[in-house]
file entry.tsv (TSV, N, CA and C atoms)
chain	number	residue	atom	x	y	z
X	1	MET	N	82.13	87.64	98.42
X	1	MET	CA	82.28	88.82	97.57
X	1	MET	C	82.24	90.06	98.46
X	2	LYS	N	83.06	91.03	98.10
X	2	LYS	CA	83.03	92.32	98.79
X	2	LYS	C	82.23	93.31	97.97
X	3	TYR	N	81.64	94.25	98.68
X	3	TYR	CA	80.86	95.32	98.06
X	3	TYR	C	81.46	96.65	98.50
X	4	LEU	N	81.43	97.61	97.58
X	4	LEU	CA	82.00	98.93	97.85
X	4	LEU	C	80.93	100.00	97.69
X	5	ARG	N	80.99	100.97	98.59
X	5	ARG	CA	80.11	102.13	98.50
X	5	ARG	C	80.98	103.37	98.64
X	6	PHE	N	80.77	104.31	97.75
X	6	PHE	CA	81.49	105.58	97.76
X	6	PHE	C	80.50	106.62	98.27
X	7	GLN	N	80.78	107.18	99.45
X	7	GLN	CA	79.80	108.05	100.08
X	7	GLN	C	80.42	109.35	100.58
X	8	SER	N	79.59	110.37	100.60
X	8	SER	CA	80.02	111.69	101.05
X	8	SER	C	79.92	111.79	102.56
X	9	LEU	N	80.28	112.93	103.09
X	9	LEU	CA	80.15	113.18	104.53
X	9	LEU	C	78.75	113.64	104.91
X	10	GLN	N	77.93	113.95	103.91
X	10	GLN	CA	76.57	114.44	104.16
X	10	GLN	C	75.62	113.28	104.44
X	11	ARG	N	74.76	113.47	105.43
X	11	ARG	CA	73.79	112.45	105.78
X	11	ARG	C	72.71	112.35	104.72
X	12	CYS	N	72.25	111.15	104.49
X	12	CYS	CA	71.13	110.90	103.59
X	12	CYS	C	69.87	111.09	104.42
X	13	TYR	N	68.94	111.88	103.95
X	13	TYR	CA	67.80	112.30	104.76
X	13	TYR	C	66.88	111.16	105.19
X	14	HIS	N	66.83	110.07	104.47
X	14	HIS	CA	65.89	109.00	104.82
X	14	HIS	C	66.55	107.68	105.20
X	15	LEU	N	67.87	107.69	105.33
X	15	LEU	CA	68.60	106.47	105.65
X	15	LEU	C	69.59	106.72	106.78
X	16	PRO	N	69.94	105.66	107.49
X	16	PRO	CA	70.96	105.82	108.54
X	16	PRO	C	72.37	105.72	107.95
X	17	THR	N	72.58	106.38	106.86
X	17	THR	CA	73.87	106.35	106.18
X	17	THR	C	74.14	107.71	105.56
X	18	ARG	N	75.25	107.81	104.90
X	18	ARG	CA	75.60	109.05	104.20
X	18	ARG	C	75.17	108.97	102.75
X	19	GLY	N	75.07	110.13	102.12
X	19	GLY	CA	74.70	110.19	100.71
X	19	GLY	C	75.79	109.61	99.83
X	20	GLY	N	75.39	109.13	98.68
X	20	GLY	CA	76.33	108.51	97.76
X	20	GLY	C	77.10	109.53	96.93
X	21	ILE	N	78.08	109.04	96.21
X	21	ILE	CA	78.97	109.88	95.41
X	21	ILE	C	78.23	110.60	94.29
X	22	PHE	N	77.19	109.99	93.74
X	22	PHE	CA	76.51	110.61	92.60
X	22	PHE	C	75.86	111.94	92.99
X	23	ARG	N	75.21	111.98	94.13
X	23	ARG	CA	74.58	113.23	94.59
X	23	ARG	C	75.62	114.33	94.71
X	24	THR	N	76.76	114.01	95.29
X	24	THR	CA	77.83	114.99	95.44
X	24	THR	C	78.40	115.40	94.08
X	25	ALA	N	78.56	114.43	93.18
X	25	ALA	CA	79.11	114.73	91.84
X	25	ALA	C	78.22	115.71	91.09
X	26	TYR	N	76.91	115.52	91.14
X	26	TYR	CA	76.00	116.46	90.47
X	26	TYR	C	76.06	117.84	91.12
X	27	THR	N	76.17	117.87	92.44
X	27	THR	CA	76.26	119.16	93.16
X	27	THR	C	77.51	119.92	92.73
X	28	VAL	N	78.65	119.23	92.71
X	28	VAL	CA	79.92	119.89	92.34
X	28	VAL	C	79.90	120.28	90.87
X	29	ARG	N	79.43	119.40	90.01
X	29	ARG	CA	79.37	119.72	88.58
X	29	ARG	C	78.58	121.01	88.33
X	30	ASP	N	77.48	121.19	89.05
X	30	ASP	CA	76.58	122.31	88.81
X	30	ASP	C	76.92	123.57	89.61
X	31	ALA	N	77.91	123.49	90.51
X	31	ALA	CA	78.27	124.64	91.33
X	31	ALA	C	78.96	125.71	90.48
X	32	GLU	N	78.63	126.96	90.75
X	32	GLU	CA	79.20	128.07	89.98
X	32	GLU	C	80.71	128.20	90.15
X	33	ASP	N	81.23	127.80	91.32
X	33	ASP	CA	82.66	127.97	91.56
X	33	ASP	C	83.50	126.77	91.11
X	34	THR	N	82.88	125.76	90.51
X	34	THR	CA	83.64	124.62	89.98
X	34	THR	C	84.29	125.02	88.66
X	35	ARG	N	85.59	124.76	88.55
X	35	ARG	CA	86.30	125.07	87.31
X	35	ARG	C	85.64	124.33	86.14
X	36	ALA	N	85.58	124.97	85.00
X	36	ALA	CA	84.92	124.39	83.83
X	36	ALA	C	85.53	123.05	83.45
X	37	HIS	N	86.85	122.96	83.53
X	37	HIS	CA	87.53	121.71	83.19
X	37	HIS	C	87.08	120.57	84.11
X	38	ASP	N	86.99	120.86	85.41
X	38	ASP	CA	86.55	119.84	86.36
X	38	ASP	C	85.09	119.47	86.13
X	39	ALA	N	84.25	120.47	85.90
X	39	ALA	CA	82.83	120.20	85.64
X	39	ALA	C	82.66	119.32	84.41
X	40	ASP	N	83.44	119.61	83.37
X	40	ASP	CA	83.37	118.79	82.15
X	40	ASP	C	83.84	117.35	82.42
X	41	ALA	N	84.89	117.20	83.20
X	41	ALA	CA	85.40	115.86	83.51
X	41	ALA	C	84.39	115.08	84.36
X	42	ILE	N	83.81	115.72	85.36
X	42	ILE	CA	82.78	115.07	86.18
X	42	ILE	C	81.61	114.67	85.29
X	43	ASN	N	81.20	115.57	84.43
X	43	ASN	CA	80.07	115.30	83.54
X	43	ASN	C	80.37	114.12	82.60
X	44	HIS	N	81.60	114.02	82.14
X	44	HIS	CA	82.01	112.89	81.30
X	44	HIS	C	81.74	111.57	82.02
X	45	HIS	N	82.14	111.49	83.29
X	45	HIS	CA	81.95	110.25	84.06
X	45	HIS	C	80.47	110.02	84.36
X	46	LEU	N	79.75	111.08	84.71
X	46	LEU	CA	78.31	110.91	84.95
X	46	LEU	C	77.59	110.44	83.70
X	47	ASP	N	77.95	111.00	82.55
X	47	ASP	CA	77.35	110.54	81.29
X	47	ASP	C	77.65	109.07	81.02
X	48	TRP	N	78.86	108.64	81.37
X	48	TRP	CA	79.20	107.23	81.18
X	48	TRP	C	78.23	106.35	81.99
X	49	PHE	N	77.97	106.76	83.23
X	49	PHE	CA	77.05	105.98	84.07
X	49	PHE	C	75.63	106.00	83.52
X	50	VAL	N	75.18	107.14	83.03
X	50	VAL	CA	73.84	107.23	82.45
X	50	VAL	C	73.71	106.24	81.29
X	51	THR	N	74.77	106.11	80.51
X	51	THR	CA	74.76	105.22	79.34
X	51	THR	C	74.93	103.75	79.72
X	52	HIS	N	75.75	103.45	80.72
X	52	HIS	CA	76.15	102.06	80.97
X	52	HIS	C	75.59	101.41	82.23
X	53	LEU	N	75.24	102.17	83.23
X	53	LEU	CA	74.79	101.57	84.49
X	53	LEU	C	73.28	101.43	84.50
X	54	LYS	N	72.82	100.22	84.72
X	54	LYS	CA	71.39	99.98	84.76
X	54	LYS	C	70.79	100.66	85.98
X	55	ILE	N	69.69	101.35	85.76
X	55	ILE	CA	68.95	101.97	86.86
X	55	ILE	C	67.67	101.15	87.03
X	56	PRO	N	67.56	100.43	88.13
X	56	PRO	CA	66.38	99.59	88.30
X	56	PRO	C	65.11	100.42	88.50
X	57	ARG	N	64.00	99.84	88.09
X	57	ARG	CA	62.71	100.50	88.34
X	57	ARG	C	62.50	100.59	89.84
X	58	GLU	N	61.78	101.62	90.27
X	58	GLU	CA	61.53	101.78	91.71
X	58	GLU	C	60.81	100.58	92.30
X	59	SER	N	60.03	99.89	91.49
X	59	SER	CA	59.32	98.72	92.00
X	59	SER	C	60.28	97.57	92.31
X	60	ASP	N	61.52	97.64	91.83
X	60	ASP	CA	62.51	96.59	92.08
X	60	ASP	C	63.29	96.79	93.38
X	61	TRP	N	63.10	97.90	94.06
X	61	TRP	CA	63.81	98.17	95.31
X	61	TRP	C	62.97	99.11	96.16
X	62	ASN	N	63.41	99.43	97.34
X	62	ASN	CA	62.65	100.37	98.17
X	62	ASN	C	63.54	101.49	98.68
X	63	TYR	N	62.92	102.48	99.26
X	63	TYR	CA	63.62	103.71	99.63
X	63	TYR	C	64.69	103.49	100.70
X	64	ARG	N	64.64	102.38	101.43
X	64	ARG	CA	65.65	102.13	102.46
X	64	ARG	C	66.89	101.44	101.90
X	65	ALA	N	66.82	101.03	100.65
X	65	ALA	CA	67.94	100.29	100.05
X	65	ALA	C	69.14	101.21	99.81
X	66	ILE	N	70.30	100.63	100.00
X	66	ILE	CA	71.56	101.31	99.74
X	66	ILE	C	72.23	100.57	98.59
X	67	PHE	N	72.71	101.33	97.62
X	67	PHE	CA	73.37	100.72	96.46
X	67	PHE	C	74.86	100.56	96.71
X	68	TRP	N	75.36	99.41	96.30
X	68	TRP	CA	76.76	99.05	96.45
X	68	TRP	C	77.28	98.52	95.12
X	69	PHE	N	78.54	98.78	94.82
X	69	PHE	CA	79.18	98.16	93.66
X	69	PHE	C	79.80	96.84	94.09
X	70	LYS	N	79.73	95.86	93.21
X	70	LYS	CA	80.46	94.61	93.44
X	70	LYS	C	81.94	94.89	93.22
X	71	ASP	N	82.80	94.27	94.02
X	71	ASP	CA	84.24	94.53	93.87
X	71	ASP	C	84.77	94.06	92.52
X	72	SER	N	84.01	93.25	91.81
X	72	SER	CA	84.42	92.77	90.49
X	72	SER	C	84.04	93.74	89.36
X	73	ALA	N	83.34	94.80	89.68
X	73	ALA	CA	82.86	95.76	88.67
X	73	ALA	C	83.95	96.76	88.33
X	74	ARG	N	84.99	96.30	87.67
X	74	ARG	CA	86.18	97.12	87.44
X	74	ARG	C	85.89	98.40	86.64
X	75	GLU	N	85.18	98.30	85.54
X	75	GLU	CA	84.99	99.48	84.69
X	75	GLU	C	84.23	100.60	85.42
X	76	PRO	N	83.08	100.33	86.03
X	76	PRO	CA	82.42	101.43	86.75
X	76	PRO	C	83.22	101.92	87.95
X	77	ILE	N	83.93	101.03	88.61
X	77	ILE	CA	84.72	101.47	89.76
X	77	ILE	C	85.86	102.38	89.32
X	78	ASP	N	86.43	102.13	88.16
X	78	ASP	CA	87.45	103.04	87.62
X	78	ASP	C	86.88	104.45	87.42
X	79	HIS	N	85.67	104.54	86.89
X	79	HIS	CA	85.03	105.86	86.72
X	79	HIS	C	84.73	106.50	88.07
X	80	ILE	N	84.30	105.70	89.02
X	80	ILE	CA	84.01	106.23	90.36
X	80	ILE	C	85.27	106.80	90.99
X	81	TRP	N	86.39	106.07	90.89
X	81	TRP	CA	87.65	106.58	91.46
X	81	TRP	C	88.06	107.89	90.80
X	82	ALA	N	87.89	108.00	89.50
X	82	ALA	CA	88.23	109.25	88.81
X	82	ALA	C	87.36	110.40	89.34
X	83	MET	N	86.07	110.13	89.53
X	83	MET	CA	85.19	111.17	90.08
X	83	MET	C	85.58	111.50	91.51
X	84	LYS	N	85.94	110.49	92.30
X	84	LYS	CA	86.35	110.72	93.69
X	84	LYS	C	87.52	111.71	93.73
X	85	HIS	N	88.50	111.54	92.86
X	85	HIS	CA	89.66	112.44	92.83
X	85	HIS	C	89.26	113.85	92.40
X	86	LEU	N	88.35	113.96	91.43
X	86	LEU	CA	87.87	115.28	91.00
X	86	LEU	C	87.11	115.98	92.12
X	87	LEU	N	86.31	115.24	92.85
X	87	LEU	CA	85.55	115.83	93.96
X	87	LEU	C	86.48	116.28	95.07
X	88	LYS	N	87.49	115.47	95.36
X	88	LYS	CA	88.47	115.85	96.38
X	88	LYS	C	89.19	117.14	95.99
X	89	ALA	N	89.54	117.27	94.71
X	89	ALA	CA	90.21	118.48	94.23
X	89	ALA	C	89.33	119.71	94.38
X	90	ASN	N	88.03	119.50	94.50
X	90	ASN	CA	87.09	120.60	94.67
X	90	ASN	C	86.59	120.72	96.11
X	91	GLY	N	87.28	120.06	97.04
X	91	GLY	CA	86.99	120.23	98.45
X	91	GLY	C	85.94	119.30	99.03
X	92	TYR	N	85.61	118.23	98.35
X	92	TYR	CA	84.60	117.28	98.84
X	92	TYR	C	85.24	115.93	99.09
X	93	TRP	N	85.11	115.43	100.30
X	93	TRP	CA	85.69	114.15	100.66
X	93	TRP	C	84.68	113.04	100.41
X	94	ILE	N	85.14	111.95	99.82
X	94	ILE	CA	84.33	110.77	99.57
X	94	ILE	C	85.01	109.59	100.26
X	95	ASP	N	84.28	108.96	101.16
X	95	ASP	CA	84.78	107.75	101.83
X	95	ASP	C	84.50	106.52	100.98
X	96	VAL	N	85.35	105.53	101.11
X	96	VAL	CA	85.13	104.23	100.48
X	96	VAL	C	84.84	103.24	101.61
X	97	VAL	N	83.64	102.67	101.57
X	97	VAL	CA	83.22	101.71	102.57
X	97	VAL	C	83.19	100.34	101.91
X	98	LYS	N	83.77	99.34	102.57
X	98	LYS	CA	83.77	97.98	102.04
X	98	LYS	C	83.08	97.06	103.04
X	99	THR	N	82.32	96.12	102.51
X	99	THR	CA	81.66	95.15	103.38
X	99	THR	C	81.42	93.85	102.63
X	100	GLN	N	81.28	92.80	103.39
X	100	GLN	CA	80.81	91.53	102.85
X	100	GLN	C	79.39	91.28	103.31
X	101	ARG	N	78.87	92.19	104.11
X	101	ARG	CA	77.55	92.05	104.73
X	101	ARG	C	76.74	93.34	104.52
X	102	PRO	N	76.28	93.59	103.29
X	102	PRO	CA	75.59	94.85	103.01
X	102	PRO	C	74.16	94.91	103.51
X	103	GLY	N	73.57	93.78	103.81
X	103	GLY	CA	72.17	93.72	104.22
X	103	GLY	C	71.42	92.73	103.35
X	104	ARG	N	70.11	92.84	103.40
X	104	ARG	CA	69.27	91.95	102.60
X	104	ARG	C	69.25	92.46	101.16
X	105	ILE	N	69.82	91.69	100.25
X	105	ILE	CA	69.92	92.11	98.85
X	105	ILE	C	68.55	91.98	98.19
X	106	ILE	N	68.07	93.11	97.64
X	106	ILE	CA	66.75	93.12	97.01
X	106	ILE	C	66.83	93.43	95.52
X	107	TYR	N	68.02	93.76	95.05
X	107	TYR	CA	68.24	93.99	93.61
X	107	TYR	C	69.69	93.63	93.32
X	108	GLU	N	69.92	93.06	92.14
X	108	GLU	CA	71.28	92.72	91.75
X	108	GLU	C	71.39	92.69	90.23
X	109	ASP	N	72.50	93.22	89.72
X	109	ASP	CA	72.85	93.05	88.31
X	109	ASP	C	74.35	92.74	88.26
X	110	ASP	N	74.95	92.83	87.10
X	110	ASP	CA	76.36	92.44	86.97
X	110	ASP	C	77.32	93.31	87.78
X	111	TRP	N	76.96	94.56	88.00
X	111	TRP	CA	77.88	95.51	88.63
X	111	TRP	C	77.49	95.97	90.02
X	112	GLN	N	76.23	95.85	90.39
X	112	GLN	CA	75.77	96.49	91.61
X	112	GLN	C	74.69	95.66	92.30
X	113	ILE	N	74.47	96.04	93.56
X	113	ILE	CA	73.35	95.49	94.31
X	113	ILE	C	72.66	96.64	95.02
X	114	ALA	N	71.42	96.41	95.42
X	114	ALA	CA	70.72	97.28	96.36
X	114	ALA	C	70.39	96.39	97.55
X	115	ALA	N	70.73	96.86	98.74
X	115	ALA	CA	70.50	96.05	99.94
X	115	ALA	C	69.87	96.91	101.02
X	116	VAL	N	68.91	96.34	101.71
X	116	VAL	CA	68.32	96.98	102.87
X	116	VAL	C	69.20	96.61	104.06
X	117	PRO	N	69.74	97.60	104.77
X	117	PRO	CA	70.66	97.30	105.87
X	117	PRO	C	70.02	96.41	106.93
X	118	TRP	N	70.84	95.57	107.53
X	118	TRP	CA	70.37	94.75	108.65
X	118	TRP	C	70.00	95.67	109.80
X	119	ARG	N	69.11	95.24	110.62
X	119	ARG	CA	68.65	96.06	111.76
X	119	ARG	C	69.80	96.44	112.68
X	120	ASP	N	70.81	95.59	112.80
X	120	ASP	CA	71.92	95.87	113.72
X	120	ASP	C	73.03	96.68	113.06
X	121	ALA	N	72.82	97.14	111.81
X	121	ALA	CA	73.85	97.94	111.12
X	121	ALA	C	73.92	99.32	111.73
X	122	HIS	N	75.12	99.87	111.75
X	122	HIS	CA	75.31	101.23	112.29
X	122	HIS	C	75.37	102.22	111.17
call {"tool": "encode", "arguments": {"input": "entry.tsv", "output": "structure tokens"}}
result
Amino acid sequence: MKYLRFQSLQRCYHLPTRGGIFRTAYTVRDAEDTRAHDADAINHHLDWFVTHLKIPRESDWNYRAIFWFKDSAREPIDHIWAMKHLLKANGYWIDVVKTQRPGRIIYEDDWQIAAVPWRDAH
């Protein structure tokens, strides 16, 4: 199985990786210079995730874990791609990283995993 991560160019302060798309989406949605139409569209997708994506309890994962979508998670990935295009239109680049080796999986549901990166990960 492949796993996908949508990440910004900004470094994550406590991980050897970049921040995820959600942090950037909230930043752009709340920015004063974001067009109202774009902010509403971003908010629509964020609300969908609040309603549909399970957020595990902190006791189910740790701060070093990185969340990845399973490549089979079509519905949430469709929403992510829509947000990626909205963020790009507002000047924010989001990379798509794919791997079959995300690290030690410490949380899993139908759509996502949380994995602690292997020590040799870059």
call {"tool": "residues_around", "arguments": {"input": "entry.tsv", "residues": "range 75-86 of chain X", "least_positions_apart": "2", "cutoff": "8 Å", "atoms": "only N, CA and C atoms", "output": "PyMOL selection string"}}
result
chain X and resi 6+21+25+38+41-42+45-46+49+53+69-73+88-95+111
call {"tool": "atom_distance", "arguments": {"input": "entry.tsv", "atom1": "CA of Lys98 in chain X", "atom2": "CA of Arg64 in chain X"}}
result
18.6 Å
call {"tool": "closest_residue", "arguments": {"input": "entry.tsv", "among": "X:Thr34, X:Asn43, X:Asn62, X:Gln7", "to": "Val97 in chain X", "atoms": "all atoms listed in the file"}}
result
X:Gln7
call {"tool": "select_by_dssp", "arguments": {"input": "entry.tsv", "residues": "chain X", "states": "helix (DSSP H, G or I)", "output": "PyMOL selection string"}}
result
chain X and resi 21-30+36-52+58-60+74-89
call {"tool": "atom_distance", "arguments": {"input": "entry.tsv", "atom1": "CA of Trp68 in chain X", "atom2": "CA of Ala31 in chain X"}}
result
26.1 Å
call {"tool": "atom_distance", "arguments": {"input": "entry.tsv", "atom1": "atom N of His37 in chain X", "atom2": "atom C of Gly20 in chain X"}}
result
21.3 Å
call {"tool": "residues_near_point", "arguments": {"input": "entry.tsv", "point": "(71.9, 100.4, 104.6)", "cutoff": "6.5 Å", "atoms": "all atoms listed in the file", "output": "number ranges by chain"}}
result
X: 16-17, 64-66, 102, 115-118
call {"tool": "write_last_selection", "arguments": {"input": "entry.tsv", "atoms": "N, CA and C atoms", "output": "compact mmCIF listing (two decimals), in the frame of the given file"}}
result
# COMPACT_ATOMS: atom_id res chain seq x y z
N PRO X 16 69.94 105.66 107.49
CA PRO X 16 70.96 105.82 108.54
C PRO X 16 72.37 105.72 107.95
N THR X 17 72.58 106.38 106.86
CA THR X 17 73.87 106.35 106.18
C THR X 17 74.14 107.71 105.56
N ARG X 64 64.64 102.38 101.43
CA ARG X 64 65.65 102.13 102.46
C ARG X 64 66.89 101.44 101.90
N ALA X 65 66.82 101.03 100.65
CA ALA X 65 67.94 100.29 100.05
C ALA X 65 69.14 101.21 99.81
N ILE X 66 70.30 100.63 100.00
CA ILE X 66 71.56 101.31 99.74
C ILE X 66 72.23 100.57 98.59
N PRO X 102 76.28 93.59 103.29
CA PRO X 102 75.59 94.85 103.01
C PRO X 102 74.16 94.91 103.51
N ALA X 115 70.73 96.86 98.74
CA ALA X 115 70.50 96.05 99.94
C ALA X 115 69.87 96.91 101.02
N VAL X 116 68.91 96.34 101.71
CA VAL X 116 68.32 96.98 102.87
C VAL X 116 69.20 96.61 104.06
N PRO X 117 69.74 97.60 104.77
CA PRO X 117 70.66 97.30 105.87
C PRO X 117 70.02 96.41 106.93
N TRP X 118 70.84 95.57 107.53
CA TRP X 118 70.37 94.75 108.65
C TRP X 118 70.00 95.67 109.80
call {"tool": "closest_residue", "arguments": {"input": "entry.tsv", "among": "X:Arg18, X:Arg119, X:His44, X:Arg74", "to": "Arg5 in chain X", "atoms": "only C-alpha atoms"}}
result
X:Arg18
call {"tool": "select_by_dssp", "arguments": {"input": "entry.tsv", "residues": "chain X", "states": "strand (DSSP E or B)", "output": "ChimeraX atom specification"}}
result
/X:3-11,18-20,66-70,95-99,104-108,112-116
call {"tool": "axis_aligned_box", "arguments": {"input": "entry.tsv", "around": "range 77-83 of chain X", "padding_each_side": "8 Å", "output": "JSON"}}
result
{"center_x": 86.1, "center_y": 106.3, "center_z": 89.1, "size_x": 20.3, "size_y": 26.5, "size_z": 20.8}
call {"tool": "closest_residue", "arguments": {"input": "entry.tsv", "among": "X:Phe22, X:Asp109, X:Gln100, X:Tyr3", "to": "Val50 in chain X", "atoms": "only C-alpha atoms"}}
result
X:Phe22
call {"tool": "closest_residue", "arguments": {"input": "entry.tsv", "among": "X:Pro56, X:Asp33, X:Val96, X:Tyr63", "to": "Gln112 in chain X", "atoms": "only C-alpha atoms"}}
result
X:Pro56
call {"tool": "closest_residue", "arguments": {"input": "entry.tsv", "among": "X:Lys2, X:Leu87, X:Asp40, X:Ile55", "to": "Thr24 in chain X", "atoms": "all atoms listed in the file"}}
result
X:Leu87
